[in-house]
Structures are given as C-alpha cells and as structure tokens.
>>> print(open('start38.cif').read())   # mmCIF, C-alpha atoms
data_entry
loop_
_atom_site.label_atom_id
_atom_site.label_comp_id
_atom_site.auth_asym_id
_atom_site.auth_seq_id
_atom_site.Cartn_x
_atom_site.Cartn_y
_atom_site.Cartn_z
CA MET A 1 -37.11 -15.17 -11.85
CA PRO A 2 -34.42 -17.51 -13.27
CA ASP A 3 -32.49 -19.59 -10.74
CA CYS A 4 -29.25 -17.74 -11.50
CA CYS A 5 -30.88 -14.38 -10.73
CA GLN A 6 -32.46 -15.75 -7.56
CA ASN A 7 -29.09 -17.04 -6.38
CA ALA A 8 -27.40 -13.71 -7.11
CA PHE A 9 -30.17 -11.85 -5.27
CA ALA A 10 -29.88 -14.18 -2.28
CA GLN A 11 -26.09 -13.76 -2.20
CA ASP A 12 -26.39 -9.96 -2.32
CA ALA A 13 -28.95 -9.99 0.50
CA PHE A 14 -26.73 -12.27 2.57
CA ALA A 15 -23.69 -10.05 2.04
CA GLN A 16 -25.67 -6.92 2.88
CA ALA A 17 -26.97 -8.49 6.08
CA LEU A 18 -23.42 -9.33 7.13
CA ARG A 19 -22.53 -5.64 7.00
CA ASP A 20 -25.72 -4.15 8.39
CA PRO A 21 -26.93 -5.26 11.86
CA ASP A 22 -30.33 -3.66 11.14
CA ALA A 23 -30.89 -5.62 7.93
CA ALA A 24 -33.52 -8.33 7.84
CA LEU A 25 -32.46 -11.92 8.32
CA PRO A 26 -31.53 -13.23 4.86
CA PHE A 27 -34.13 -15.51 3.29
CA GLY A 28 -33.39 -19.18 3.82
CA VAL A 29 -31.22 -18.76 6.91
CA ILE A 30 -32.35 -21.34 9.43
CA SER A 31 -30.95 -23.09 12.48
CA HIS A 32 -31.62 -26.78 13.00
CA ASN A 33 -30.67 -26.80 16.68
CA SER A 34 -32.06 -23.46 17.78
CA ASP A 35 -35.29 -21.49 17.58
CA ALA A 36 -33.34 -18.24 17.22
CA PRO A 37 -31.52 -18.18 13.86
CA ARG A 38 -31.25 -14.39 14.09
CA LYS A 39 -29.04 -14.71 17.15
CA ARG A 40 -26.89 -17.32 15.43
CA PHE A 41 -26.58 -15.09 12.37
CA ALA A 42 -25.62 -12.14 14.60
CA VAL A 43 -22.77 -14.21 16.03
CA TYR A 44 -21.63 -15.09 12.51
CA ARG A 45 -21.88 -11.44 11.44
CA ASN A 46 -19.78 -10.38 14.41
CA ASN A 47 -17.13 -13.02 13.63
CA VAL A 48 -16.90 -11.78 10.05
CA MET A 49 -16.45 -8.18 11.20
CA VAL A 50 -13.84 -9.21 13.77
CA GLY A 51 -11.94 -11.04 11.01
CA LEU A 52 -11.97 -8.02 8.70
CA VAL A 53 -10.86 -5.65 11.46
CA SER A 54 -8.08 -8.07 12.42
CA ALA A 55 -6.91 -8.17 8.80
CA LEU A 56 -6.67 -4.37 8.77
CA GLU A 57 -4.86 -4.33 12.12
CA ALA A 58 -2.31 -6.79 10.76
CA ARG A 59 -1.73 -4.75 7.61
CA PHE A 60 -1.61 -1.30 9.23
CA PRO A 61 0.12 -1.75 12.61
CA ALA A 62 1.85 1.65 12.59
CA ALA A 63 -1.40 3.47 11.81
CA ARG A 64 -3.05 1.52 14.62
CA LYS A 65 -0.33 2.54 17.06
CA ILE A 66 -0.58 6.21 16.07
CA VAL A 67 -4.30 6.53 16.82
CA GLY A 68 -4.70 3.81 19.43
CA GLU A 69 -6.61 0.53 19.44
CA ASP A 70 -10.11 1.88 20.07
CA PHE A 71 -9.94 4.59 17.39
CA PHE A 72 -8.45 2.19 14.85
CA LYS A 73 -11.05 -0.52 15.48
CA GLY A 74 -13.83 2.03 15.14
CA ALA A 75 -12.47 3.32 11.82
CA ALA A 76 -11.83 -0.22 10.58
CA LYS A 77 -15.43 -1.25 11.31
CA VAL A 78 -16.79 1.70 9.36
CA PHE A 79 -14.49 0.89 6.45
CA ALA A 80 -15.28 -2.83 6.50
CA ALA A 81 -19.01 -2.17 6.49
CA ALA A 82 -18.68 0.13 3.48
CA GLN A 83 -15.97 -1.74 1.59
CA PRO A 84 -16.08 -5.52 2.10
CA PRO A 85 -13.44 -7.73 0.47
CA ARG A 86 -13.65 -8.18 -3.30
CA SER A 87 -11.03 -10.90 -3.41
CA PRO A 88 -10.32 -14.07 -1.40
CA LEU A 89 -6.70 -12.84 -1.03
CA MET A 90 -7.07 -11.24 2.38
CA MET A 91 -3.43 -10.08 2.55
CA PHE A 92 -4.44 -7.36 0.06
CA TYR A 93 -7.63 -6.35 1.85
CA GLY A 94 -7.48 -2.70 2.74
CA ASP A 95 -5.94 -1.20 -0.41
CA GLY A 96 -8.68 1.42 -0.16
CA PHE A 97 -8.16 2.04 3.55
CA PRO A 98 -5.65 4.92 3.16
CA ALA A 99 -8.05 6.82 0.88
CA PHE A 100 -10.84 6.15 3.39
CA LEU A 101 -8.72 7.56 6.23
CA ALA A 102 -7.96 10.68 4.18
CA GLU A 103 -11.70 11.44 4.12
CA PHE A 104 -12.56 10.09 7.58
CA GLU A 105 -13.72 13.11 9.57
CA PRO A 106 -12.61 11.84 13.02
CA ALA A 107 -9.04 11.49 11.66
CA ARG A 108 -8.85 15.09 10.51
CA ASP A 109 -6.58 16.00 13.45
CA VAL A 110 -4.05 13.36 12.29
CA PRO A 111 -3.46 14.56 8.72
CA TYR A 112 -0.45 12.30 8.13
CA LEU A 113 -2.33 9.11 9.07
CA ALA A 114 -3.51 8.36 5.54
CA ASP A 115 0.00 8.69 4.11
CA VAL A 116 1.43 6.36 6.76
CA ALA A 117 -1.29 3.87 5.81
CA ARG A 118 -0.36 4.28 2.13
CA LEU A 119 3.22 3.38 3.03
CA GLU A 120 2.07 0.30 4.93
CA ALA A 121 -0.17 -0.81 2.07
CA ALA A 122 2.79 -0.47 -0.31
CA ARG A 123 4.88 -2.68 2.01
CA THR A 124 2.35 -5.50 1.70
CA ARG A 125 2.30 -5.24 -2.09
CA ALA A 126 6.09 -5.20 -2.17
CA TYR A 127 6.27 -8.31 -0.01
CA HIS A 128 4.03 -10.25 -2.40
CA ALA A 129 5.50 -8.84 -5.63
CA ALA A 130 7.30 -11.11 -8.09
CA ASP A 131 10.91 -11.99 -7.32
CA ALA A 132 13.55 -10.37 -9.54
CA GLN A 133 17.33 -10.56 -9.70
CA PRO A 134 19.05 -7.15 -9.25
CA LEU A 135 21.54 -5.84 -11.78
CA THR A 136 25.28 -5.85 -11.18
CA PRO A 137 27.59 -2.84 -11.76
CA ALA A 138 29.13 -4.68 -14.73
CA ALA A 139 25.97 -3.85 -16.68
CA LEU A 140 27.13 -0.22 -16.87
CA TYR A 141 30.20 -1.04 -18.96
CA THR A 142 28.98 0.75 -22.06
CA GLU A 143 29.80 3.91 -23.95
CA ALA A 144 26.15 4.85 -24.40
CA LEU A 145 25.43 5.28 -20.71
CA ALA A 146 23.00 8.18 -21.13
CA ASP A 147 20.88 6.16 -23.56
CA LEU A 148 20.31 3.25 -21.19
CA ARG A 149 16.79 2.54 -19.96
CA PHE A 150 16.34 0.75 -16.66
CA ILE A 151 13.64 -1.75 -15.80
CA LEU A 152 12.93 -1.35 -12.11
CA GLN A 153 11.99 -3.81 -9.40
CA PRO A 154 8.36 -4.98 -9.69
CA SER A 155 8.09 -4.42 -5.95
CA LEU A 156 9.12 -0.76 -6.12
CA GLU A 157 6.66 1.95 -5.08
CA ILE A 158 7.12 5.59 -4.17
CA VAL A 159 4.88 7.16 -1.52
CA ALA A 160 5.22 10.94 -1.59
CA SER A 161 3.96 12.99 1.33
CA ASP A 162 3.84 16.52 2.69
CA TYR A 163 4.65 14.99 6.09
CA PRO A 164 7.73 13.15 7.44
CA ILE A 165 6.04 9.77 6.93
CA VAL A 166 9.21 7.67 6.79
CA THR A 167 10.23 8.98 10.20
CA ILE A 168 6.70 8.66 11.61
CA TRP A 169 6.35 5.12 10.27
CA ALA A 170 9.79 4.11 11.60
CA MET A 171 9.01 5.44 15.07
CA ASN A 172 5.71 3.58 15.19
CA SER A 173 6.97 0.30 13.76
CA GLY A 174 9.98 -0.20 16.03
CA GLU A 175 12.56 0.83 13.43
CA MET A 176 13.39 4.00 15.38
CA VAL A 177 12.99 5.14 18.96
CA LEU A 178 9.82 7.16 19.50
CA ALA A 179 10.84 10.80 19.99
CA PRO A 180 9.68 14.33 19.07
CA ILE A 181 10.14 15.14 15.38
CA MET A 182 11.83 18.50 15.07
CA ASP A 183 11.82 18.73 11.25
CA TRP A 184 8.30 18.40 9.84
CA ARG A 185 9.24 18.69 6.18
CA GLY A 186 7.68 16.23 3.77
CA GLU A 187 9.40 12.93 3.01
CA ASP A 188 9.14 10.64 -0.01
CA ALA A 189 9.24 6.95 0.87
CA LEU A 190 10.78 4.34 -1.38
CA VAL A 191 9.30 0.89 -0.73
CA SER A 192 10.90 -2.15 -2.39
CA ARG A 193 11.94 -5.76 -1.85
CA PRO A 194 15.32 -6.20 -3.57
CA SER A 195 15.82 -9.63 -1.99
CA VAL A 196 14.01 -11.25 0.94
CA ASP A 197 13.00 -8.33 3.13
CA VAL A 198 10.90 -5.29 2.30
CA GLU A 199 12.87 -2.06 2.68
CA VAL A 200 11.60 1.45 3.36
CA ARG A 201 13.98 4.32 2.58
CA ARG A 202 13.67 8.09 2.62
CA LEU A 203 14.44 9.33 -0.86
CA PRO A 204 17.14 12.00 -1.25
CA PRO A 205 16.56 15.23 -3.22
CA GLY A 206 15.48 14.63 -6.82
CA ALA A 207 15.33 10.84 -6.47
CA LYS A 208 11.55 10.66 -6.74
CA THR A 209 11.59 12.45 -10.10
CA PHE A 210 14.55 10.35 -11.25
CA LEU A 211 12.91 7.01 -10.46
CA GLN A 212 9.51 8.05 -11.77
CA SER A 213 11.14 9.10 -15.04
CA LEU A 214 12.97 5.78 -15.35
CA ALA A 215 9.77 3.89 -14.53
CA ALA A 216 8.03 5.80 -17.33
CA GLY A 217 10.60 4.46 -19.81
CA ASP A 218 12.86 7.51 -20.09
CA SER A 219 16.57 7.05 -20.72
CA LEU A 220 19.11 7.61 -17.97
CA GLY A 221 20.13 10.95 -19.47
CA VAL A 222 16.57 12.23 -19.65
CA ALA A 223 15.75 10.99 -16.14
CA ALA A 224 18.87 12.62 -14.68
CA ALA A 225 18.10 15.92 -16.41
CA SER A 226 14.53 15.85 -15.12
CA ALA A 227 15.70 15.13 -11.58
CA LEU A 228 18.29 17.93 -11.68
CA ALA A 229 15.67 20.36 -12.95
CA ALA A 230 13.37 19.34 -10.10
CA ASN A 231 16.10 19.67 -7.47
CA THR A 232 19.58 21.11 -7.95
CA ARG A 233 20.89 18.89 -5.12
CA PHE A 234 20.21 15.72 -7.11
CA ASP A 235 23.22 13.36 -6.90
CA LEU A 236 23.43 11.11 -9.97
CA ALA A 237 26.26 8.95 -8.61
CA ALA A 238 24.38 8.18 -5.40
CA ASN A 239 21.21 7.35 -7.29
CA LEU A 240 23.09 5.07 -9.71
CA ALA A 241 24.49 3.27 -6.70
CA ALA A 242 20.95 2.77 -5.43
CA LEU A 243 19.92 1.26 -8.76
CA PHE A 244 22.61 -1.36 -8.38
CA ALA A 245 21.75 -1.90 -4.74
CA GLY A 246 18.62 -3.71 -5.84
CA LEU A 247 16.29 -1.18 -7.47
CA ALA A 248 16.99 -2.10 -11.11
CA ILE A 249 16.61 -5.56 -12.62
CA ASP A 250 17.46 -5.00 -16.29
CA ILE A 251 18.67 -2.44 -18.83
CA THR A 252 18.08 -1.87 -22.52
CA ASN A 253 19.03 0.61 -25.22
CA GLU A 254 15.57 0.38 -26.76
CA PRO A 255 12.36 2.12 -25.66
CA PHE A 256 9.98 -0.18 -23.80
CA GLU A 257 6.27 -0.04 -23.19
CA VAL A 258 5.14 0.94 -19.74
CA PRO A 259 1.93 -0.80 -18.57
CA LEU A 260 -0.92 1.60 -17.98
CA PRO A 261 -1.97 1.84 -14.31
#
>>> encode(input="start38.cif", output="structure tokens")
Amino acid sequence: MPDCCQNAFAQDAFAQALRDPDAALPFGVISHNSDAPRKRFAVYRNNVMVGLVSALEARFPAARKIVGEDFFKGAAKVFAAAQPPRSPLMMFYGDGFPAFLAEFEPARDVPYLADVARLEAARTRAYHAADAQPLTPAALYTEALADLRFILQPSLEIVASDYPIVTIWAMNSGEMVLAPIMDWRGEDALVSRPSVDVEVRRLPPGAKTFLQSLAAGDSLGVAAASALAANTRFDLAANLAALFAGLAIDITNEPFEVPLP
C-alpha cells in the first residue's frame, strides 16, 4: 500500500477510535512513560469529547437551559460521536446540531428545541459574517421606487417556526423574564448584525415573504406585492424603515444574480 494510503488509513482509524470507546487502539499509538497506552488514549479521547461538548454548550446556551445540563450533554455526546468537526473553525461546529435534535427521539417532547437551536446557530453565523455599511434613507430619493432592488446584510437570516421561538429563546437567554407563554402561535425570527451586536427580532406579518423576495433579487414592488398577498396586514412603510435600520446595504435598478445555496 502506498505511503499516502497508509497515512490516510491510519488517520481514519485514529479518528474512529476517538469517537468509539470500543474501537481497538489505533496502530502506532505508544506511550514512552507508561505500560498502558490504552489508558492514556482513553484520557485523550475523553478530553476530545469534553471539548466538543463544551463547544456545543457555548454555541447553544438557550437550548441547554431548556432541557437541562444532563440532557444536553447526553445529546451533545451522541451528536459529536456521529458528526465530528470537519473544519478547524470550532465556532461553526454544530451547524448540523439543530437537524440532529429534530430527529433525536429523546427530544420528541420538546418539539420547539430544534428551532431554538437553529436560531442560535444563525446568531453565530451572523456574528462572524462580513461587515457591511447600512444604507441611509437618502438612497430612496428616486422616482422609480418600485423598481429598486435591495442587497441585504450578509449576516441576515430568517428562522421560521411553528412555535414562538423568539419568545422562547429570549426567555432562556436572559433577554426576557422567564414566564408562561400564553400565545403559542408560530414566530419568524430575523437574525442579523447591522453593526457590532447580533440582533434577534420577531418579524411582523408578511415581513418574511418580503425579505425573502428581496433576497431572491425581486424588485421592491414585486416583493411588496408578494408580502401583501401572503398577509393582508403587511405594512410596507414599517418594513422599509427596517431596511434602513440596518437590513439593507445597497440598492440597484438592475437585476442581480443571487448565489445558489
């Protein structure tokens, strides 16, 4: 076997052994000051798992508070064993954790947990997104207002849910006092970083459709019409104000290409 293949095989075996306590000791692992390399490797394996769980706890504090420390650690260990990091950028580790929670059988009694985790994952991405200067209201001084196309903040994400996730997240992150939620209607979260701090807002009626249409490259007129069709309570003036409160960074009269996801 060529050296490159041997090295790749050894690396795969090492990585597998880090995730599986029952796996054989990887070939070549020795200890110069101990007769028990397996015990030394077990300590290393445990430290790796503790680090991955800690990374998830740091990224999903509200989800951790909702289910409690023991439950969260247990779920995080299962996830980490199945989905180890694929990048050295640990601040993004756990992008797949919300989808994991949605299918995690022990979390079935907390159906909103995955959506709260999706919101928290979006907050991390927003924090590390590229900086961008918001538009000013002077940019609207044009006769062809309906034809304008808005380029939105690179940090902007919408997390739609059938549950009141903005309220749940706020109560479990210290933004609101923990209290019974009387209205369990779904909430759409807008996550963005217009300046220094990441903001989480509950979108008003029609705003999700409006922003998604703008993000797809539609003109203001088309986006407004789509939003009004989706919800008759859509308020164009209020949503324009939000665009100039940091959600939009540029405008154009020409169609622009939208990157494929």
>>> closest_residue(input="start38.cif", among="A:Val177, A:Met182, A:Val200, A:Ala80", to="A:Tyr127", atoms="only C-alpha atoms")
A:Val200
>>> residues_around(input="start38.cif", residues="stretch 108-110 of chain A", least_positions_apart="2", cutoff="12 Å", atoms="all atoms listed in the file", output="list in words")
Ala63, Ile66, Val67, Gly68, Phe71, Phe100, Leu101, Ala102, Glu103, Phe104, Glu105, Pro106, Tyr112, Leu113, Ala114, Asp115, Val116, Ala117, Tyr163, Ile165 and Ile168 of chain A
>>> atom_distance(input="start38.cif", atom1="atom CA of A:Pro164", atom2="atom CA of A:Ile181")
8.5 Å
>>> atom_distance(input="start38.cif", atom1="atom CA of A:Arg149", atom2="atom CA of A:Asp197")
25.8 Å
>>> residues_around(input="start38.cif", residues="A:Met90", least_positions_apart="5", cutoff="9 Å", atoms="all atoms listed in the file", output="list in words")
Leu52, Ala55 and Pro85 of chain A
>>> resolve_selection(input="start38.cif", expression="the PyMOL selection byres ((chain A and resi 77) around 12)", output="PDB file with C-alpha atoms, in the coordinates of the input")
ATOM      1  CA  ARG A  19     -22.530  -5.640   7.000  1.00  0.00           C
ATOM      2  CA  ASP A  20     -25.720  -4.150   8.390  1.00  0.00           C
ATOM      3  CA  ASN A  46     -19.780 -10.380  14.410  1.00  0.00           C
ATOM      4  CA  VAL A  48     -16.900 -11.780  10.050  1.00  0.00           C
ATOM      5  CA  MET A  49     -16.450  -8.180  11.200  1.00  0.00           C
ATOM      6  CA  VAL A  50     -13.840  -9.210  13.770  1.00  0.00           C
ATOM      7  CA  GLY A  51     -11.940 -11.040  11.010  1.00  0.00           C
ATOM      8  CA  LEU A  52     -11.970  -8.020   8.700  1.00  0.00           C
ATOM      9  CA  VAL A  53     -10.860  -5.650  11.460  1.00  0.00           C
ATOM     10  CA  SER A  54      -8.080  -8.070  12.420  1.00  0.00           C
ATOM     11  CA  ALA A  55      -6.910  -8.170   8.800  1.00  0.00           C
ATOM     12  CA  LEU A  56      -6.670  -4.370   8.770  1.00  0.00           C
ATOM     13  CA  GLU A  57      -4.860  -4.330  12.120  1.00  0.00           C
ATOM     14  CA  ASP A  70     -10.110   1.880  20.070  1.00  0.00           C
ATOM     15  CA  PHE A  71      -9.940   4.590  17.390  1.00  0.00           C
ATOM     16  CA  PHE A  72      -8.450   2.190  14.850  1.00  0.00           C
ATOM     17  CA  LYS A  73     -11.050  -0.520  15.480  1.00  0.00           C
ATOM     18  CA  GLY A  74     -13.830   2.030  15.140  1.00  0.00           C
ATOM     19  CA  ALA A  75     -12.470   3.320  11.820  1.00  0.00           C
ATOM     20  CA  ALA A  76     -11.830  -0.220  10.580  1.00  0.00           C
ATOM     21  CA  VAL A  78     -16.790   1.700   9.360  1.00  0.00           C
ATOM     22  CA  PHE A  79     -14.490   0.890   6.450  1.00  0.00           C
ATOM     23  CA  ALA A  80     -15.280  -2.830   6.500  1.00  0.00           C
ATOM     24  CA  ALA A  81     -19.010  -2.170   6.490  1.00  0.00           C
ATOM     25  CA  ALA A  82     -18.680   0.130   3.480  1.00  0.00           C
ATOM     26  CA  GLN A  83     -15.970  -1.740   1.590  1.00  0.00           C
ATOM     27  CA  PRO A  84     -16.080  -5.520   2.100  1.00  0.00           C
ATOM     28  CA  GLY A  94      -7.480  -2.700   2.740  1.00  0.00           C
ATOM     29  CA  PHE A  97      -8.160   2.040   3.550  1.00  0.00           C
ATOM     30  CA  PHE A 100     -10.840   6.150   3.390  1.00  0.00           C
TER      31      PHE A 100
END
>>> build_atoms(input="start38.cif", residues="stretch 92-119 of chain A", atoms="N, CA and C atoms", output="PDB file, keeping the file's coordinate frame")
ATOM      1  N   PHE A  92      -4.329  -8.625   0.779  1.00  0.00           N
ATOM      2  CA  PHE A  92      -4.440  -7.360   0.060  1.00  0.00           C
ATOM      3  C   PHE A  92      -5.683  -6.570   0.476  1.00  0.00           C
ATOM      4  N   TYR A  93      -6.447  -7.097   1.426  1.00  0.00           N
ATOM      5  CA  TYR A  93      -7.630  -6.350   1.850  1.00  0.00           C
ATOM      6  C   TYR A  93      -7.190  -5.057   2.537  1.00  0.00           C
ATOM      7  N   GLY A  94      -7.810  -3.986   2.145  1.00  0.00           N
ATOM      8  CA  GLY A  94      -7.480  -2.700   2.740  1.00  0.00           C
ATOM      9  C   GLY A  94      -6.720  -1.776   1.809  1.00  0.00           C
ATOM     10  N   ASP A  95      -6.604  -2.120   0.518  1.00  0.00           N
ATOM     11  CA  ASP A  95      -5.940  -1.200  -0.410  1.00  0.00           C
ATOM     12  C   ASP A  95      -6.635   0.154  -0.431  1.00  0.00           C
ATOM     13  N   GLY A  96      -7.943   0.163  -0.179  1.00  0.00           N
ATOM     14  CA  GLY A  96      -8.680   1.420  -0.160  1.00  0.00           C
ATOM     15  C   GLY A  96      -8.721   2.101   1.195  1.00  0.00           C
ATOM     16  N   PHE A  97      -8.108   1.491   2.196  1.00  0.00           N
ATOM     17  CA  PHE A  97      -8.160   2.040   3.550  1.00  0.00           C
ATOM     18  C   PHE A  97      -7.456   3.391   3.674  1.00  0.00           C
ATOM     19  N   PRO A  98      -6.277   3.591   3.058  1.00  0.00           N
ATOM     20  CA  PRO A  98      -5.650   4.920   3.160  1.00  0.00           C
ATOM     21  C   PRO A  98      -6.530   6.038   2.600  1.00  0.00           C
ATOM     22  N   ALA A  99      -7.172   5.803   1.449  1.00  0.00           N
ATOM     23  CA  ALA A  99      -8.050   6.820   0.880  1.00  0.00           C
ATOM     24  C   ALA A  99      -9.248   7.069   1.800  1.00  0.00           C
ATOM     25  N   PHE A 100      -9.749   6.002   2.422  1.00  0.00           N
ATOM     26  CA  PHE A 100     -10.840   6.150   3.390  1.00  0.00           C
ATOM     27  C   PHE A 100     -10.404   7.027   4.566  1.00  0.00           C
ATOM     28  N   LEU A 101      -9.204   6.772   5.102  1.00  0.00           N
ATOM     29  CA  LEU A 101      -8.720   7.560   6.230  1.00  0.00           C
ATOM     30  C   LEU A 101      -8.542   9.029   5.865  1.00  0.00           C
ATOM     31  N   ALA A 102      -8.161   9.293   4.615  1.00  0.00           N
ATOM     32  CA  ALA A 102      -7.960  10.680   4.180  1.00  0.00           C
ATOM     33  C   ALA A 102      -9.262  11.471   4.231  1.00  0.00           C
ATOM     34  N   GLU A 103     -10.400  10.776   4.100  1.00  0.00           N
ATOM     35  CA  GLU A 103     -11.700  11.440   4.120  1.00  0.00           C
ATOM     36  C   GLU A 103     -12.465  11.208   5.414  1.00  0.00           C
ATOM     37  N   PHE A 104     -11.881  10.460   6.324  1.00  0.00           N
ATOM     38  CA  PHE A 104     -12.560  10.090   7.580  1.00  0.00           C
ATOM     39  C   PHE A 104     -12.507  11.273   8.530  1.00  0.00           C
ATOM     40  N   GLU A 105     -13.658  11.873   8.794  1.00  0.00           N
ATOM     41  CA  GLU A 105     -13.720  13.110   9.570  1.00  0.00           C
ATOM     42  C   GLU A 105     -13.055  13.004  10.937  1.00  0.00           C
ATOM     43  N   PRO A 106     -13.259  11.920  11.702  1.00  0.00           N
ATOM     44  CA  PRO A 106     -12.610  11.840  13.020  1.00  0.00           C
ATOM     45  C   PRO A 106     -11.086  11.813  12.969  1.00  0.00           C
ATOM     46  N   ALA A 107     -10.505  11.525  11.796  1.00  0.00           N
ATOM     47  CA  ALA A 107      -9.040  11.490  11.660  1.00  0.00           C
ATOM     48  C   ALA A 107      -8.472  12.805  11.159  1.00  0.00           C
ATOM     49  N   ARG A 108      -9.303  13.817  11.075  1.00  0.00           N
ATOM     50  CA  ARG A 108      -8.850  15.090  10.510  1.00  0.00           C
ATOM     51  C   ARG A 108      -7.687  15.695  11.301  1.00  0.00           C
ATOM     52  N   ASP A 109      -7.646  15.437  12.608  1.00  0.00           N
ATOM     53  CA  ASP A 109      -6.580  16.000  13.450  1.00  0.00           C
ATOM     54  C   ASP A 109      -5.266  15.215  13.321  1.00  0.00           C
ATOM     55  N   VAL A 110      -5.274  14.151  12.539  1.00  0.00           N
ATOM     56  CA  VAL A 110      -4.050  13.360  12.290  1.00  0.00           C
ATOM     57  C   VAL A 110      -3.839  13.328  10.774  1.00  0.00           C
ATOM     58  N   PRO A 111      -3.464  14.448  10.181  1.00  0.00           N
ATOM     59  CA  PRO A 111      -3.460  14.560   8.720  1.00  0.00           C
ATOM     60  C   PRO A 111      -2.466  13.645   8.012  1.00  0.00           C
ATOM     61  N   TYR A 112      -1.449  13.173   8.746  1.00  0.00           N
ATOM     62  CA  TYR A 112      -0.450  12.300   8.130  1.00  0.00           C
ATOM     63  C   TYR A 112      -0.839  10.825   8.196  1.00  0.00           C
ATOM     64  N   LEU A 113      -1.946  10.512   8.863  1.00  0.00           N
ATOM     65  CA  LEU A 113      -2.330   9.110   9.070  1.00  0.00           C
ATOM     66  C   LEU A 113      -2.545   8.376   7.755  1.00  0.00           C
ATOM     67  N   ALA A 114      -3.221   9.018   6.819  1.00  0.00           N
ATOM     68  CA  ALA A 114      -3.510   8.360   5.540  1.00  0.00           C
ATOM     69  C   ALA A 114      -2.229   8.032   4.783  1.00  0.00           C
ATOM     70  N   ASP A 115      -1.253   8.934   4.831  1.00  0.00           N
ATOM     71  CA  ASP A 115       0.000   8.690   4.110  1.00  0.00           C
ATOM     72  C   ASP A 115       0.809   7.562   4.756  1.00  0.00           C
ATOM     73  N   VAL A 116       0.773   7.482   6.084  1.00  0.00           N
ATOM     74  CA  VAL A 116       1.430   6.360   6.760  1.00  0.00           C
ATOM     75  C   VAL A 116       0.759   5.050   6.345  1.00  0.00           C
ATOM     76  N   ALA A 117      -0.568   5.061   6.250  1.00  0.00           N
ATOM     77  CA  ALA A 117      -1.290   3.870   5.810  1.00  0.00           C
ATOM     78  C   ALA A 117      -0.950   3.531   4.359  1.00  0.00           C
ATOM     79  N   ARG A 118      -0.765   4.534   3.523  1.00  0.00           N
ATOM     80  CA  ARG A 118      -0.360   4.280   2.130  1.00  0.00           C
ATOM     81  C   ARG A 118       0.999   3.580   2.094  1.00  0.00           C
ATOM     82  N   LEU A 119       1.901   4.012   2.953  1.00  0.00           N
ATOM     83  CA  LEU A 119       3.220   3.380   3.030  1.00  0.00           C
ATOM     84  C   LEU A 119       3.075   1.917   3.465  1.00  0.00           C
TER      85      LEU A 119
END
